[in-house]
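Asker: Encoded as structure tokens, here's the structure I'll be asking about.
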Amino acid sequence: MEFLSPATWEEALAAKSAHPDAVPIMGGTDVMVELNFDQHRPSALLDLTRVAELAEWGPDGSRVRLGAGVSYTTIIQRLGKHAPALAQAARTVASPQIRNRGTVGGNLGGASPAGDSHPPLLAADAVIELASVHGVRHVAAREFYLGPRRTARRDDELIAAVLLPERAGPQHFCKIGTRNAMVIAVASFCVTLDAATRTAGTGIGSAGPTPLRAVAAEEFLTAEFDWQGAGPLSEAAVRHFGELVASAARPIDDVRGSADYRKHALSVMARRALSWSVTDYRKGEAQCA
Amino acid sequence: MADRARLRGPEPVTVELSINHRTRILEIEPRTSLLDALREQLDLTGSKKGCDQGTCGACTVWVDGRRVLACLTLAITCEGREITTIEGFSDGRRMNAMQRSFIKHDAFQCGYCTPGQVMSAVALLDEGHASSDAEIAE
């Protein structure tokens with residue numbers, strides 16, 4: 001196994017172009033498990049830990065640009081205001097040791113349907129910045145996940161950053177695991193209410209071959225919610241939203257849970273996340289009035 | 001060349017690490033985890049191999065003062081960084097306060113993962129997340 005250790009982003013892109021089979025490694029929290037258990041023996045590793053700009057984040061016009069190598073610990077400490085659902089999801093990632101090392105870029109690169117970052121990125125309509133020696137291109141998270149562990153990233157591209165739209169409303173993330181901490185999701189869910197565009201967003205994790213959106217649930221909520229007056233949603237509407245979320249999932253039975261359980265859990269999480277979000281939205285409206 | 005990343009391996013390469021403020025030179029394959037480098041090459045066997053997949057925490061060490069799992073860290077990526085293991089924790093005569101506290105409160109089951117627990121517990125205090133039992137549990 002060869003080892004490439006670029007010191008700059010330009011060197012990293014050149015190395016990826018010259019060695020498209022090289023596996024990028026940042027925190028190592030996914031890649032190392034595959035190496036330790038010989039599940040995967042890449043011809044080369046591309047170490048990105050020395051590329052300083054990957055670990056940077058900051059405002060980018062009206063959006064927040066989150067470098068692909070920003071750790072979950074930093075997201076928890078710094079991004080709670082800008083991306084509350086992503087910060088909530090980051091809090092549920094594994095252990096402190098792994099949160100010190102793991103990154104959203106790695107979650108996107110591995111593209112496990114159970115990755116905790118994916119539902120918030122889908123719901124918030126985040127954009128993935130991909131780069132190669134040929135230039136930069138932007139792909140919406142909603143078009144990034146193509147199949148089981150397959151994404152829109154090309155072999156010669158690296159994930160540079162995630163662009164998070166300016167938040168204009170509440171966001172909530174929920175996750176169910178087999179215990180409270182240090183777990184891979186059995187199912188997870190995220191909802192966003194965006195007052196600026198008056199649209200709802202959703203993301204479903206660990207309940208299909210890829211992270212998913214519940215498009216019918218989004219459309220229902222966008223139409224049903226009282227964006228202007230912030231009136232409460234009826235219990236029937238909240239329940240229907242949960243049913244629409246569950247019906248958007250395409251789960252399987254596996255070691256972590258059955259398909260039926262996942263659908264049930266999603267409907268419950270969707271109702272809870274929506275109720276919390278509506279409460280937050282109403283509080284926000286009251287403060288403005 | 002400025003635009004070319006350095007290519008090393010696949011044969012064993014020379015890696016210089018700073019461990020417990022001591023410079024150590026190793027010959028390792030690039031794929032070697034920090035845990036294997038510590039245990040197999042340097043006889044620093046205080047860091048334990050439990051699961052080798054980032055679940056158990058028995059291999060917790062610090063890299064540049066932050067707690068990480070040595071089994072999920074490539075040794076070669078730690079060049080130029082400061083690694084602290086359980087062996088670097090006491091001066092050889094007197095244990096530190098966390099170690100003494102573990103003994104005082106009999107905080108052991110079989111003891112295998114105790115080094116990782118001690119490394120993690122001290123980092124928890126340093127990070128300021130230990131003001132109450134509830135916060136520690138969180």
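Letters for chains follow the order of the structure tokens (A, B, ...), residue numbers begin at 1 for each chain, and ligand numbers begin at 1 in the order shown.
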Report as a PyMOL selection string the set of chain A residues whose atoms approach chain B to within 10 Å, with distances computed over only C-alpha atoms.

Answerer: chain A and resi 1-16+18+25-37+41+43-50+91+94-101+180-183

Asker: Running DSSP on the backbone, which parts of chain B land in alpha helix (DSSP H), as a ChimeraX atom specification?

Answerer: /B:34-36,97-104,114-126,133-137

Asker: Hey, can you check how far CA of Val122 (chain B) sits from CA of Ala52 (chain A)?

Answerer: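 Those two atoms sit 27.6 Å apart.
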
Asker: Give the strand (DSSP E or B) residues of region 187-279 of chain A, as assigned by DSSP on the backbone, as a list of chain:residue names.

Answerer: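 Selecting the strand (DSSP E or B) positions of region 187-279 of chain A gives A:Ala187, A:Ser188, A:Phe189, A:Cys190, A:Val191, A:Thr192, A:Leu193, A:Asp194, A:Thr199, A:Ala200, A:Gly201, A:Thr202, A:Gly203, A:Ile204, A:Gly205, A:Leu212, A:Asp254, A:Gly257.
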
Asker: Would you list the contacts of region 274-276 of chain A as number ranges by chain, taking every protein, DNA or RNA residue within 12 Å and counting only C-alpha atoms, but skipping same-chain residues closer than 2 positions in sequence?

Answerer: A: 169-174, 189-193, 200-202, 217-218, 221, 225, 232-235, 237-242, 245, 266-272, 278-283

Asker: May I have the selected residues written with N, CA and C atoms, as a short mmCIF file (atom, residue, chain, number, x, y, z; two decimals), in the first residue's frame?

Answerer:
```cif
data_model
loop_
_atom_site.label_atom_id
_atom_site.label_comp_id
_atom_site.auth_asym_id
_atom_site.auth_seq_id
_atom_site.Cartn_x
_atom_site.Cartn_y
_atom_site.Cartn_z
N GLY A 169 -35.00 29.21 10.19
CA GLY A 169 -36.07 28.49 10.88
C GLY A 169 -35.52 27.31 11.65
N PRO A 170 -36.39 26.64 12.39
CA PRO A 170 -35.94 25.53 13.22
C PRO A 170 -35.54 24.29 12.42
N GLN A 171 -34.66 23.51 13.04
CA GLN A 171 -34.23 22.23 12.47
C GLN A 171 -34.13 21.24 13.63
N HIS A 172 -34.54 20.02 13.38
CA HIS A 172 -34.38 18.99 14.42
C HIS A 172 -33.97 17.66 13.82
N PHE A 173 -33.05 17.00 14.54
CA PHE A 173 -32.55 15.69 14.13
C PHE A 173 -32.87 14.68 15.22
N CYS A 174 -33.31 13.50 14.83
CA CYS A 174 -33.55 12.42 15.79
C CYS A 174 -32.85 11.16 15.28
N PHE A 189 -33.74 10.72 11.42
CA PHE A 189 -34.64 11.60 10.67
C PHE A 189 -34.30 13.05 10.99
N CYS A 190 -34.47 13.90 9.99
CA CYS A 190 -34.26 15.33 10.19
C CYS A 190 -35.36 16.11 9.48
N VAL A 191 -35.84 17.17 10.13
CA VAL A 191 -36.80 18.06 9.49
C VAL A 191 -36.32 19.49 9.65
N THR A 192 -36.56 20.32 8.62
CA THR A 192 -36.26 21.75 8.69
C THR A 192 -37.49 22.52 8.25
N LEU A 193 -37.72 23.65 8.91
CA LEU A 193 -38.76 24.60 8.48
C LEU A 193 -38.04 25.88 8.08
N ALA A 200 -40.51 23.16 3.68
CA ALA A 200 -40.04 22.19 4.66
C ALA A 200 -39.04 21.27 3.97
N GLY A 201 -38.05 20.80 4.75
CA GLY A 201 -37.08 19.84 4.23
C GLY A 201 -37.04 18.62 5.13
N THR A 202 -36.68 17.47 4.54
CA THR A 202 -36.57 16.24 5.34
C THR A 202 -35.34 15.45 4.91
N ALA A 217 -43.88 14.09 2.06
CA ALA A 217 -44.05 14.67 3.40
C ALA A 217 -43.65 16.15 3.38
N GLU A 218 -42.57 16.47 2.66
CA GLU A 218 -42.15 17.87 2.55
C GLU A 218 -43.24 18.71 1.88
N LEU A 221 -46.22 19.23 4.19
CA LEU A 221 -45.96 20.17 5.27
C LEU A 221 -45.81 21.61 4.74
N PHE A 225 -48.52 23.92 6.59
CA PHE A 225 -48.06 24.72 7.73
C PHE A 225 -48.46 26.19 7.56
N PRO A 232 -50.75 26.48 15.31
CA PRO A 232 -50.35 25.11 15.58
C PRO A 232 -50.84 24.15 14.48
N LEU A 233 -50.13 23.05 14.31
CA LEU A 233 -50.58 22.02 13.37
C LEU A 233 -51.54 21.09 14.09
N SER A 234 -52.54 20.62 13.39
CA SER A 234 -53.47 19.67 14.02
C SER A 234 -52.76 18.34 14.25
N GLU A 235 -53.28 17.61 15.23
CA GLU A 235 -52.71 16.29 15.51
C GLU A 235 -52.79 15.39 14.29
N ALA A 237 -52.66 16.31 11.19
CA ALA A 237 -51.65 16.70 10.21
C ALA A 237 -50.28 16.16 10.62
N VAL A 238 -49.98 16.24 11.93
CA VAL A 238 -48.69 15.74 12.41
C VAL A 238 -48.60 14.23 12.16
N ARG A 239 -49.72 13.53 12.45
CA ARG A 239 -49.73 12.08 12.25
C ARG A 239 -49.56 11.74 10.77
N HIS A 240 -50.25 12.49 9.91
CA HIS A 240 -50.15 12.22 8.47
C HIS A 240 -48.72 12.46 7.98
N PHE A 241 -48.08 13.50 8.51
CA PHE A 241 -46.68 13.77 8.15
C PHE A 241 -45.82 12.54 8.51
N GLY A 242 -46.04 11.99 9.71
CA GLY A 242 -45.29 10.80 10.13
C GLY A 242 -45.51 9.63 9.19
N VAL A 245 -43.61 10.20 5.95
CA VAL A 245 -42.17 9.96 6.13
C VAL A 245 -41.90 8.46 6.11
N LEU A 266 -39.48 5.68 12.30
CA LEU A 266 -39.44 6.91 11.50
C LEU A 266 -40.71 7.73 11.68
N SER A 267 -41.86 7.05 11.73
CA SER A 267 -43.10 7.81 11.89
C SER A 267 -43.12 8.50 13.25
N VAL A 268 -42.59 7.82 14.28
CA VAL A 268 -42.56 8.42 15.62
C VAL A 268 -41.57 9.59 15.65
N MET A 269 -40.37 9.36 15.10
CA MET A 269 -39.36 10.43 15.09
C MET A 269 -39.83 11.64 14.28
N ALA A 270 -40.52 11.36 13.18
CA ALA A 270 -41.01 12.46 12.33
C ALA A 270 -42.02 13.31 13.09
N ARG A 271 -42.92 12.65 13.83
CA ARG A 271 -43.92 13.40 14.62
C ARG A 271 -43.23 14.23 15.69
N ARG A 272 -42.25 13.63 16.38
CA ARG A 272 -41.55 14.36 17.44
C ARG A 272 -40.78 15.54 16.88
N VAL A 278 -42.21 22.95 15.21
CA VAL A 278 -43.34 23.88 15.20
C VAL A 278 -43.32 24.73 16.48
N THR A 279 -43.00 24.08 17.61
CA THR A 279 -42.90 24.83 18.87
C THR A 279 -41.83 25.91 18.76
N ASP A 280 -40.66 25.54 18.22
CA ASP A 280 -39.57 26.53 18.04
C ASP A 280 -40.01 27.65 17.11
N TYR A 281 -40.68 27.27 16.04
CA TYR A 281 -41.10 28.27 15.05
C TYR A 281 -42.06 29.26 15.68
N ARG A 282 -42.97 28.73 16.49
CA ARG A 282 -43.95 29.60 17.15
C ARG A 282 -43.27 30.53 18.16
N LYS A 283 -42.27 30.02 18.87
CA LYS A 283 -41.50 30.86 19.80
C LYS A 283 -40.80 31.96 19.04
#
```

Asker: Tell me which protein, DNA and RNA residues are within 9 Å of Arg150 (chain A), counting only C-alpha atoms, leaving out same-chain ones fewer than 3 positions away, and put them as a list in words.

Answerer: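 Residues meeting the cut-off are Gly109, Gly110, Ala111, Ser112, Phe144, Tyr145, Leu146, Gly147, Arg153 and Thr210 of chain A.
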
Asker: Can you pull out the residues contacting region 83-100 of chain B? Cut-off 9 Å, using only C-alpha atoms, and skip same-chain residues under 5 positions away; I want them as a list in words.

Answerer: Leu17, Ser18, Ile19, Asn20, His21, Leu38, Leu44, Thr45, Gly46, Ser47, Thr60, Val61, Trp62, Val63, Asp64, Gly65, Cys78, His105, Pro115, Gly116, Val118, Met119, Ala121 and Val122 of chain B

Asker: Quick one: write out the picked residues with C-alpha atoms as a PDB file, in the first residue's frame?

Answerer:
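As a result, out-v8.pdb now contains:
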```
ATOM      1  CA  LEU B  17       7.388   9.975  16.017  1.00  0.00           C
ATOM      2  CA  SER B  18       7.436  11.981  19.226  1.00  0.00           C
ATOM      3  CA  ILE B  19       5.979   9.823  21.957  1.00  0.00           C
ATOM      4  CA  ASN B  20       5.805  11.023  25.536  1.00  0.00           C
ATOM      5  CA  HIS B  21       8.277  13.782  24.590  1.00  0.00           C
ATOM      6  CA  LEU B  38       3.130   1.441  19.843  1.00  0.00           C
ATOM      7  CA  LEU B  44       4.513   0.465  24.709  1.00  0.00           C
ATOM      8  CA  THR B  45       1.870  -2.104  25.555  1.00  0.00           C
ATOM      9  CA  GLY B  46      -0.106   0.041  27.978  1.00  0.00           C
ATOM     10  CA  SER B  47      -2.471   0.966  25.133  1.00  0.00           C
ATOM     11  CA  THR B  60      -7.241   5.752  23.678  1.00  0.00           C
ATOM     12  CA  VAL B  61      -4.156   7.962  23.461  1.00  0.00           C
ATOM     13  CA  TRP B  62      -3.694  11.688  22.921  1.00  0.00           C
ATOM     14  CA  VAL B  63      -2.456  13.235  19.709  1.00  0.00           C
ATOM     15  CA  ASP B  64      -1.567  16.908  20.189  1.00  0.00           C
ATOM     16  CA  GLY B  65      -3.512  16.794  23.453  1.00  0.00           C
ATOM     17  CA  CYS B  78       1.366  11.366  13.428  1.00  0.00           C
ATOM     18  CA  HIS B 105     -12.393   3.824  44.198  1.00  0.00           C
ATOM     19  CA  PRO B 115      -5.459   2.578  30.506  1.00  0.00           C
ATOM     20  CA  GLY B 116      -7.914   3.780  27.868  1.00  0.00           C
ATOM     21  CA  VAL B 118      -7.719   6.801  32.383  1.00  0.00           C
ATOM     22  CA  MET B 119      -6.579   8.545  29.191  1.00  0.00           C
ATOM     23  CA  ALA B 121     -11.093  10.469  31.859  1.00  0.00           C
ATOM     24  CA  VAL B 122      -8.257  12.981  32.113  1.00  0.00           C
TER      25      VAL B 122
END
```
